[in-house]
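Structure file model_11.cif (mmCIF, C-alpha atoms) follows.
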```cif
data_input
loop_
_atom_site.label_atom_id
_atom_site.label_comp_id
_atom_site.auth_asym_id
_atom_site.auth_seq_id
_atom_site.Cartn_x
_atom_site.Cartn_y
_atom_site.Cartn_z
CA MET A 1 140.98 65.35 34.93
CA PRO A 2 138.60 66.85 32.33
CA LEU A 3 139.41 70.33 33.67
CA VAL A 4 141.11 73.15 31.73
CA VAL A 5 142.22 76.31 33.55
CA ALA A 6 142.98 79.44 31.52
CA SER A 7 144.34 82.92 32.19
CA PRO A 8 144.10 85.08 29.06
CA HIS A 9 144.97 88.41 30.68
CA SER A 10 148.03 87.81 32.89
CA GLY A 11 150.66 88.14 30.15
CA HIS A 12 153.35 90.77 30.64
CA GLU A 13 155.80 90.40 27.74
CA TYR A 14 155.60 93.78 25.99
CA PRO A 15 157.08 93.94 22.47
CA GLN A 16 159.46 96.86 22.01
CA GLU A 17 157.66 97.97 18.85
CA PHE A 18 154.43 98.20 20.84
CA LEU A 19 156.10 100.30 23.55
CA ALA A 20 157.34 102.65 20.82
CA LEU A 21 153.79 103.09 19.50
CA SER A 22 152.27 103.69 22.92
CA ARG A 23 151.92 107.06 24.61
CA LEU A 24 151.88 105.24 27.98
CA ASP A 25 154.88 103.95 29.90
CA ARG A 26 155.22 100.31 30.97
CA PRO A 27 153.83 100.79 34.53
CA ALA A 28 150.72 102.50 33.13
CA LEU A 29 150.27 99.71 30.59
CA ARG A 30 150.66 97.04 33.27
CA ARG A 31 147.62 98.34 35.15
CA SER A 32 145.51 96.66 32.49
CA GLU A 33 146.93 93.22 33.35
CA ASP A 34 145.24 90.57 35.44
CA PHE A 35 148.35 90.84 37.56
CA CYS A 36 149.86 87.48 38.60
CA VAL A 37 146.65 85.50 38.07
CA ASP A 38 148.70 82.81 36.32
CA ALA A 39 150.88 82.56 39.45
CA LEU A 40 147.76 82.09 41.61
CA LEU A 41 146.88 79.04 39.49
CA THR A 42 150.07 77.02 39.85
CA GLY A 43 148.06 74.36 41.68
CA ALA A 44 146.22 73.45 38.45
CA PRO A 45 148.63 70.64 37.43
CA VAL A 46 148.71 69.43 41.04
CA VAL A 47 144.98 68.66 40.91
CA GLY A 48 145.26 67.08 37.45
CA ALA A 49 144.06 70.05 35.40
CA HIS A 50 145.50 71.45 32.18
CA MET A 51 146.75 75.04 32.40
CA LEU A 52 146.98 77.65 29.63
CA HIS A 53 147.95 81.28 30.02
CA ALA A 54 148.77 84.02 27.57
CA THR A 55 152.25 85.53 27.79
CA PHE A 56 151.30 88.52 25.63
CA PRO A 57 149.51 91.39 27.42
CA ARG A 58 145.80 92.01 26.97
CA ILE A 59 146.41 95.70 26.18
CA TYR A 60 148.37 94.52 23.12
CA CYS A 61 145.92 91.84 21.99
CA ASP A 62 142.91 90.73 24.03
CA ALA A 63 142.27 86.97 23.90
CA ASN A 64 138.93 87.44 25.68
CA ARG A 65 137.43 89.24 22.68
CA ASP A 66 136.30 87.92 19.33
CA SER A 67 138.82 88.42 16.56
CA ASP A 68 136.37 90.62 14.61
CA GLU A 69 135.86 93.10 17.47
CA LEU A 70 137.92 95.78 15.75
CA ASP A 71 137.47 99.52 16.28
CA PRO A 72 137.57 101.19 12.82
CA THR A 73 138.50 104.55 14.36
CA MET A 74 141.90 103.16 15.42
CA PHE A 75 143.27 102.42 11.97
CA THR A 76 144.47 104.30 8.93
CA GLU A 77 142.42 101.95 6.72
CA SER A 78 138.91 100.70 7.44
CA PRO A 79 138.63 97.01 8.34
CA PRO A 80 136.40 94.99 5.96
CA ALA A 81 132.78 95.46 7.05
CA ASP A 82 132.06 91.73 6.91
CA LEU A 83 134.96 91.07 9.29
CA THR A 84 134.08 93.78 11.82
CA SER A 85 131.66 93.50 14.72
CA ILE A 86 130.92 96.81 16.46
CA THR A 87 129.97 95.57 19.91
CA PRO A 88 129.49 97.68 23.06
CA ARG A 89 133.02 96.66 24.07
CA VAL A 90 134.40 98.01 20.79
CA ARG A 91 132.51 101.28 21.26
CA ALA A 92 134.01 101.55 24.74
CA GLY A 93 137.51 101.19 23.29
CA LEU A 94 138.03 97.65 24.54
CA GLY A 95 138.04 95.53 21.41
CA VAL A 96 140.46 92.77 20.46
CA ILE A 97 143.07 95.51 19.93
CA PRO A 98 142.20 97.91 22.77
CA ARG A 99 142.11 101.64 22.08
CA ILE A 100 142.18 102.68 25.74
CA SER A 101 143.83 101.36 28.89
CA ALA A 102 142.02 100.08 31.99
CA SER A 103 142.09 103.63 33.37
CA GLY A 104 140.39 105.00 30.24
CA THR A 105 143.53 106.64 28.82
CA PRO A 106 144.18 106.43 25.06
CA ILE A 107 147.03 104.02 24.34
CA TYR A 108 148.42 105.13 20.99
CA ARG A 109 150.07 108.29 19.70
CA THR A 110 148.52 107.96 16.22
CA ARG A 111 146.26 105.69 14.24
CA LEU A 112 147.67 102.27 13.43
CA PRO A 113 147.99 100.58 10.04
CA LEU A 114 145.38 97.84 9.76
CA ARG A 115 148.13 95.25 9.23
CA GLU A 116 149.18 95.86 12.85
CA ALA A 117 145.86 94.42 14.01
CA THR A 118 145.76 91.53 11.55
CA ASP A 119 149.34 90.60 12.44
CA ARG A 120 148.64 90.53 16.19
CA ILE A 121 145.52 88.44 15.68
CA ALA A 122 147.43 85.97 13.50
CA ARG A 123 150.50 85.74 15.76
CA PHE A 124 148.89 85.88 19.21
CA TRP A 125 145.08 85.65 19.33
CA ARG A 126 144.73 82.73 16.93
CA PRO A 127 147.46 80.51 18.44
CA TYR A 128 146.00 81.08 21.92
CA HIS A 129 142.55 79.99 20.82
CA ASN A 130 143.91 77.11 18.76
CA ALA A 131 145.66 75.85 21.90
CA LEU A 132 142.60 76.37 24.10
CA SER A 133 140.29 74.67 21.63
CA ALA A 134 142.69 71.74 21.30
CA LEU A 135 142.80 71.27 25.08
CA ILE A 136 139.02 71.33 25.33
CA GLU A 137 138.52 68.92 22.44
CA SER A 138 141.11 66.50 23.81
CA GLN A 139 139.10 66.29 27.02
CA ILE A 140 135.88 65.78 25.10
CA ALA A 141 137.52 62.95 23.19
CA ALA A 142 138.88 61.34 26.36
CA HIS A 143 136.03 61.96 28.81
CA GLY A 144 132.99 63.16 26.86
CA VAL A 145 133.03 66.37 28.89
CA CYS A 146 135.28 69.33 29.65
CA VAL A 147 135.06 72.06 32.30
CA LEU A 148 136.88 75.29 31.40
CA ILE A 149 137.68 77.71 34.22
CA ASP A 150 138.60 81.12 32.79
CA CYS A 151 140.34 83.18 35.48
CA HIS A 152 140.62 86.96 35.78
CA SER A 153 141.15 89.68 38.37
CA MET A 154 139.02 92.73 39.13
CA PRO A 155 139.74 96.02 40.90
CA GLY A 156 139.50 95.77 44.67
CA ALA A 157 137.76 99.13 44.82
CA GLY A 158 134.97 100.69 42.83
CA LEU A 159 132.42 97.88 43.09
CA ARG A 160 130.34 99.33 45.91
CA ALA A 161 127.14 98.89 43.94
CA TYR A 162 127.75 95.14 44.19
CA ASP A 163 128.70 95.14 47.91
CA MET A 164 132.40 94.66 47.16
CA PRO A 165 132.51 90.91 46.42
CA ASP A 166 135.76 89.01 46.81
CA PHE A 167 134.97 86.78 43.83
CA VAL A 168 132.50 87.02 40.95
CA LEU A 169 131.40 83.80 39.26
CA GLY A 170 130.25 84.33 35.68
CA ASP A 171 128.27 81.60 33.95
CA ALA A 172 126.48 83.86 31.43
CA TRP A 173 123.40 83.83 33.64
CA GLY A 174 123.31 80.06 33.85
CA SER A 175 123.85 79.34 30.15
CA SER A 176 127.57 78.48 29.93
CA CYS A 177 127.88 75.60 32.41
CA ALA A 178 125.94 73.08 34.46
CA PRO A 179 124.52 74.53 37.72
CA ASP A 180 126.60 72.07 39.78
CA ILE A 181 129.81 73.79 38.64
CA THR A 182 128.83 77.30 39.72
CA GLU A 183 127.33 75.97 42.94
CA ALA A 184 130.50 74.03 43.79
CA ALA A 185 132.70 77.07 43.20
CA GLU A 186 130.43 79.24 45.29
CA ALA A 187 130.27 76.73 48.15
CA CYS A 188 134.06 76.30 48.22
CA LEU A 189 134.80 80.03 48.30
CA ARG A 190 132.14 80.76 50.90
CA SER A 191 133.53 77.98 53.10
CA TYR A 192 136.66 80.16 53.38
CA GLY A 193 134.57 83.18 54.35
CA PHE A 194 134.72 84.98 51.01
CA ARG A 195 131.87 87.02 49.58
CA THR A 196 130.76 85.93 46.12
CA ASN A 197 128.44 87.30 43.46
CA ARG A 198 127.05 85.53 40.44
CA ASN A 199 127.22 87.32 37.09
CA ALA A 200 127.25 90.85 38.53
CA PRO A 201 129.10 92.82 37.41
CA TYR A 202 130.88 90.18 35.26
CA ALA A 203 128.76 87.52 33.60
CA GLY A 204 131.51 86.13 31.39
CA GLY A 205 133.38 87.40 28.35
CA TYR A 206 134.01 86.00 24.89
CA VAL A 207 135.83 82.88 26.14
CA THR A 208 133.03 81.86 28.52
CA ARG A 209 130.25 82.48 26.04
CA HIS A 210 132.05 81.01 23.04
CA TYR A 211 133.29 77.78 24.62
CA GLY A 212 130.51 77.20 27.14
CA ARG A 213 128.07 74.81 25.41
CA PRO A 214 126.73 72.56 28.17
CA ALA A 215 124.45 70.59 25.85
CA THR A 216 127.58 69.27 24.11
CA GLY A 217 129.51 68.57 27.32
CA ARG A 218 131.54 71.78 27.10
CA HIS A 219 131.17 73.83 30.29
CA ALA A 220 132.77 77.22 30.97
CA LEU A 221 132.87 79.32 34.15
CA GLN A 222 134.57 82.70 34.50
CA ILE A 223 136.10 83.55 37.89
CA GLU A 224 137.04 87.12 38.84
CA ILE A 225 139.31 87.57 41.86
CA SER A 226 139.48 90.86 43.76
CA ARG A 227 143.00 92.23 43.47
CA ALA A 228 142.79 93.61 46.99
CA LEU A 229 143.01 90.03 48.27
CA TYR A 230 146.47 89.33 46.89
CA MET A 231 148.25 92.46 45.60
CA ASP A 232 149.07 96.09 46.22
CA GLU A 233 147.20 97.74 43.38
CA ASN A 234 149.27 100.92 43.52
CA LYS A 235 152.71 99.30 43.60
CA LEU A 236 151.79 96.33 41.38
CA THR A 237 153.35 93.87 43.80
CA PRO A 238 151.99 90.81 45.65
CA ASN A 239 150.81 91.54 49.18
CA ALA A 240 150.84 89.39 52.32
CA GLY A 241 147.69 87.57 51.22
CA PHE A 242 149.14 86.23 47.98
CA GLY A 243 150.15 82.80 49.34
CA ASP A 244 146.80 82.31 51.07
CA ILE A 245 144.84 83.12 47.90
CA ARG A 246 147.02 80.76 45.87
CA THR A 247 146.19 78.02 48.41
CA VAL A 248 142.48 78.85 48.16
CA MET A 249 142.61 78.72 44.37
CA THR A 250 144.22 75.27 44.50
CA ALA A 251 141.45 74.07 46.82
CA LEU A 252 138.85 75.58 44.50
CA LEU A 253 140.36 73.86 41.45
CA ARG A 254 140.42 70.56 43.36
CA ALA A 255 136.69 70.91 44.11
CA LEU A 256 135.99 71.75 40.47
CA ALA A 257 138.10 68.81 39.29
CA ASP A 258 135.89 66.53 41.38
CA ILE A 259 132.77 68.03 39.81
CA ALA A 260 134.28 67.65 36.33
CA THR A 261 135.03 63.98 37.03
CA ASN A 262 131.46 63.40 38.22
CA LEU A 263 130.09 65.01 35.08
CA ALA A 264 132.31 62.76 32.98
CA ARG A 265 130.70 59.64 34.39
CA PRO A 266 127.91 58.30 32.14
CA SER A 267 125.26 59.06 34.74
CA GLY A 268 126.62 62.56 35.30
CA ILE A 269 126.67 63.94 31.78
CA ARG A 270 123.75 66.27 31.34
CA ALA A 271 122.73 69.47 29.68
CA CYS A 272 121.70 72.64 31.49
#
```

Any chance you could put this one into structure tokens?
Amino acid sequence: MPLVVASPHSGHEYPQEFLALSRLDRPALRRSEDFCVDALLTGAPVVGAHMLHATFPRIYCDANRDSDELDPTMFTESPPADLTSITPRVRAGLGVIPRISASGTPIYRTRLPLREATDRIARFWRPYHNALSALIESQIAAHGVCVLIDCHSMPGAGLRAYDMPDFVLGDAWGSSCAPDITEAAEACLRSYGFRTNRNAPYAGGYVTRHYGRPATGRHALQIEISRALYMDENKLTPNAGFGDIRTVMTALLRALADIATNLARPSGIRAC
């Protein structure tokens, strides 16, 4: 199937040298993970999709940021100006090498040498994106189209302004994928009784916006899953709903695989 499923934030292999640099203990660091999202997606190969997930943690190196989103205040030397993009995410402390944890707590005891950032980008960020790009391009070569589903989790509390959705579908306000893809995901999830939002409060991060180019057959949709559906957010353990949500995600990927196949047919390839 011309479907690629990715989980850039579920990695939990913490290098010892990173733990030594951090002022936070492992449980505090793990609260920044998209906990077990990769395990919710084990149905991807079953429906004929390709699956890619990062094993390194996002708090160490964030694959859903551009490689130039570096925070100069974190390092003992200033990054080259032409290789640094000071985005709102960087200002908030959430660049490619995060300065703060998901709870807003500073991560490091001291400033880091710049080589720490360049090494992580070279050893982790770049291989992840090389692999993701290769998967997408292989589907373009084989089918003329590729649908990328980039999966994440969101806090189960604290979204009252958005009426506490169970899932948020981010298509960069309609620019990163064909409307049929977002509509199919929404219809599938609502058929199970879940509440969905589009683009609020998550419209799609770097991966969605970078790879989603519908005019060239490359479609990308970000899916955020409420952690309250499948885990105990305090204990960082799966809850009784985990198996049910994994089943729902397999059904969702099956529906999206069908849409991807339809788009791959000559009459189905179209631009947004």

* Have a look at CA of Phe124 in chain A and CA of Ile97 in chain A and let me know their distance in Å, one decimal. =>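 Between these atoms lies a distance of 11.3 Å.
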
* Tell me, as a PyMOL selection string, which residues lie within 7 Å of Ala49 in chain A, counting all atoms listed in the file; anything in the same chain fewer than 6 positions away does not count. => chain A and resi 1+3-5

* Ground truth for the PyMOL selection byres ((chain A and resi 245-260) around 6), written as a list in words ->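 Answer for the PyMOL selection byres ((chain A and resi 245-260) around 6): Pro2, Leu3, Leu40, Gly43, Val47, Phe242, Gly243, Asp244, Thr261, Asn262 and Leu263 of chain A.
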
* **Matched chain/residue IDs from the PyMOL selection byres ((chain A and resi 127-144) around 7), as a list in words** => Pro2, Val4, Ala54, Arg123, Phe124, Trp125, Arg126, Val145, Cys146, Gly217 and Ala264 of chain A

* To do: Tell me which protein, DNA and RNA residues are within 7 Å of range 194-207 of chain A, counting only C-alpha atoms, leaving out same-chain ones fewer than 2 positions away, and put them as a ChimeraX atom specification.
  => /A:64-66,165-173,186,189-190,192,209-211,222

* Asked: Written as JSON, numbers by chain, what is the full residue list that the PyMOL selection byres ((chain A and resi 29) around 10) yields on the file shown?
  -> {"A": [12, 14, 19, 22, 23, 24, 25, 26, 27, 28, 30, 31, 32, 33, 57, 58, 59, 60, 100, 101, 102, 103, 105, 107]}

Would you save the residues from that selection as a PDB file, in the coordinates of the input, using C-alpha atoms?
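For reference, selection_35.pdb as written:
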```pdb
ATOM      1  CA  HIS A  12     153.350  90.770  30.640  1.00  0.00           C
ATOM      2  CA  TYR A  14     155.600  93.780  25.990  1.00  0.00           C
ATOM      3  CA  LEU A  19     156.100 100.300  23.550  1.00  0.00           C
ATOM      4  CA  SER A  22     152.270 103.690  22.920  1.00  0.00           C
ATOM      5  CA  ARG A  23     151.920 107.060  24.610  1.00  0.00           C
ATOM      6  CA  LEU A  24     151.880 105.240  27.980  1.00  0.00           C
ATOM      7  CA  ASP A  25     154.880 103.950  29.900  1.00  0.00           C
ATOM      8  CA  ARG A  26     155.220 100.310  30.970  1.00  0.00           C
ATOM      9  CA  PRO A  27     153.830 100.790  34.530  1.00  0.00           C
ATOM     10  CA  ALA A  28     150.720 102.500  33.130  1.00  0.00           C
ATOM     11  CA  ARG A  30     150.660  97.040  33.270  1.00  0.00           C
ATOM     12  CA  ARG A  31     147.620  98.340  35.150  1.00  0.00           C
ATOM     13  CA  SER A  32     145.510  96.660  32.490  1.00  0.00           C
ATOM     14  CA  GLU A  33     146.930  93.220  33.350  1.00  0.00           C
ATOM     15  CA  PRO A  57     149.510  91.390  27.420  1.00  0.00           C
ATOM     16  CA  ARG A  58     145.800  92.010  26.970  1.00  0.00           C
ATOM     17  CA  ILE A  59     146.410  95.700  26.180  1.00  0.00           C
ATOM     18  CA  TYR A  60     148.370  94.520  23.120  1.00  0.00           C
ATOM     19  CA  ILE A 100     142.180 102.680  25.740  1.00  0.00           C
ATOM     20  CA  SER A 101     143.830 101.360  28.890  1.00  0.00           C
ATOM     21  CA  ALA A 102     142.020 100.080  31.990  1.00  0.00           C
ATOM     22  CA  SER A 103     142.090 103.630  33.370  1.00  0.00           C
ATOM     23  CA  THR A 105     143.530 106.640  28.820  1.00  0.00           C
ATOM     24  CA  ILE A 107     147.030 104.020  24.340  1.00  0.00           C
TER      25      ILE A 107
END
```

Centre and size of axis-aligned box enclosing range 101-109 of chain A plus 5 Å each side, as JSON:
```
{"center_x": 145.2, "center_y": 104.2, "center_z": 26.5, "size_x": 19.7, "size_y": 18.2, "size_z": 23.7}
```

* Structure fact -> Restricting to all atoms listed in the file, whichever of A:Leu21, A:Ala178, A:Ala184, A:Ile149 is closest to Pro106 in chain A is A:Leu21

* Asked: Between CA of Tyr230 in chain A and CA of Ser191 in chain A, what is the spacing in Å?
  ->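 Atom-to-atom, CA of Ser191 in chain A to CA of Tyr230 in chain A, that is 18.3 Å.
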
* **Within 10 Å of Ala92 in chain A using all atoms listed in the file, minus same-chain residues under 6 positions, as JSON, numbers by chain** => {"A": [71, 98, 99, 100, 104]}

* Local residues around (127.8, 74.6, 32.7), at most 9 Å away, using all atoms listed in the file, as a ChimeraX atom specification -> /A:147,171,174-182,212-215,217-221,271-272

Given the selection you just returned, output its residues as a file containing C-alpha atoms, formatted as a PDB file, keeping the file's coordinate frame.
```
ATOM      1  CA  VAL A 147     135.060  72.060  32.300  1.00  0.00           C
ATOM      2  CA  ASP A 171     128.270  81.600  33.950  1.00  0.00           C
ATOM      3  CA  GLY A 174     123.310  80.060  33.850  1.00  0.00           C
ATOM      4  CA  SER A 175     123.850  79.340  30.150  1.00  0.00           C
ATOM      5  CA  SER A 176     127.570  78.480  29.930  1.00  0.00           C
ATOM      6  CA  CYS A 177     127.880  75.600  32.410  1.00  0.00           C
ATOM      7  CA  ALA A 178     125.940  73.080  34.460  1.00  0.00           C
ATOM      8  CA  PRO A 179     124.520  74.530  37.720  1.00  0.00           C
ATOM      9  CA  ASP A 180     126.600  72.070  39.780  1.00  0.00           C
ATOM     10  CA  ILE A 181     129.810  73.790  38.640  1.00  0.00           C
ATOM     11  CA  THR A 182     128.830  77.300  39.720  1.00  0.00           C
ATOM     12  CA  GLY A 212     130.510  77.200  27.140  1.00  0.00           C
ATOM     13  CA  ARG A 213     128.070  74.810  25.410  1.00  0.00           C
ATOM     14  CA  PRO A 214     126.730  72.560  28.170  1.00  0.00           C
ATOM     15  CA  ALA A 215     124.450  70.590  25.850  1.00  0.00           C
ATOM     16  CA  GLY A 217     129.510  68.570  27.320  1.00  0.00           C
ATOM     17  CA  ARG A 218     131.540  71.780  27.100  1.00  0.00           C
ATOM     18  CA  HIS A 219     131.170  73.830  30.290  1.00  0.00           C
ATOM     19  CA  ALA A 220     132.770  77.220  30.970  1.00  0.00           C
ATOM     20  CA  LEU A 221     132.870  79.320  34.150  1.00  0.00           C
ATOM     21  CA  ALA A 271     122.730  69.470  29.680  1.00  0.00           C
ATOM     22  CA  CYS A 272     121.700  72.640  31.490  1.00  0.00           C
TER      23      CYS A 272
END
```

* Distance of CA of Ala122 in chain A from CA of Asp82 in chain A, expressed in Å to one decimal place ->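 Going from CA of Asp82 in chain A over to CA of Ala122 in chain A covers 17.7 Å.
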
* Pick from A:Glu233, A:Asp68, A:Asp163, A:Asp150, whichever lies nearest to Ala117 in chain A using all atoms listed in the file ->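 Using all atoms listed in the file, Ala117 in chain A sits closest to A:Asp68.
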